[in-house]
Amino acid sequence: MADSEAIIRPATSRDPEAVADIYAHYVLHTVATFETTVPSVADWERRLDDLAGRGLPFVVAELSGEVAGFAYAAPWRPKPAYCHTVEDTIYLAPGAIGRGLGTALLREVIAGAAHAGVRQMIAVIADTGSDASAALHRRCGFTEAGRLTGVGRKQGRWIDTLLLQRDLTADEPE
């Protein structure tokens, strides 16, 4: 269960700096993202505006007034036929891991994407040697769709990605 103090809310224009700080940790110190250059606050502002313009969810977890994590749904691919499929992204501040925030964030993104008319959500998870992200996604209804072997290179090693998928139409009325 999420921390009793946690608030999951839509990201606002005051959040990109905290989001950038959280993400920078993963860019610089892990292989969880294939980014090698830390995106700027302005990059995050543009992403927030773009997703809001598309009606897609971008949410943050707040603990004691501080952003402790974020998640969003973004277009899976730019080609028009993919317009009803998104990829989720979720990151927690290192000190906020293990408090249920990931589950709360992902559930909110799933609900927001479904509300926006999305039919499929894809998770692209770097194989870091930990099953935590895949387990989180499985808890939220994702199933394995495949593995891409050795598609990323970071920190001197080749990294696989695990693809998971969730059908967002299962809860639609018939």
# chains A, B, ... in the order shown; residues from 1 in each chain; ligands from 1
$ residues_around --residues "Ile122 of chain A" --least-positions-apart "6" --cutoff "9 Å" --atoms "only C-alpha atoms" --output "list of chain:residue names"
A:Trp76, A:Thr85, A:Val86, A:Glu87, A:Asp88, A:Phe142, A:Ala145, A:Leu163, A:Leu164, A:Gln165, A:Arg166
$ residues_around --residues "Leu92 of chain A" --least-positions-apart "6" --cutoff "8 Å" --atoms "only C-alpha atoms" --output "VMD selection string"
chain A and resid 22 68 to 70 101 to 102
$ closest_residue --among "A:Tyr23, A:Val67, A:Asp15, A:Ala104" --to "Glu35 of chain A" --atoms "only C-alpha atoms"
A:Tyr23
$ residues_around --residues "Ser64 of chain A" --least-positions-apart "5" --cutoff "9 Å" --atoms "only C-alpha atoms" --output "PyMOL selection string"
chain A and resi 5-7
$ residues_around --residues "Leu28 of chain A" --least-positions-apart "3" --cutoff "8 Å" --atoms "only C-alpha atoms" --output "PyMOL selection string"
chain A and resi 24-25+36-38
$ closest_residue --among "A:Ala93, A:Ala74, A:Leu63, A:Ala81" --to "Ala20 of chain A" --atoms "only C-alpha atoms"
A:Ala93
$ atom_distance --atom1 "atom CA of Thr89 of chain A" --atom2 "atom CA of Arg153 of chain A"
19.5 Å
$ atom_distance --atom1 "atom CA of Gly112 of chain A" --atom2 "atom CA of Ala73 of chain A"
8.6 Å
$ select_by_dssp --residues "segment 47-156 of chain A" --states "strand (DSSP E or B)" --output "ChimeraX atom specification"
/A:58-63,66-75,85-92,120-126,143-154
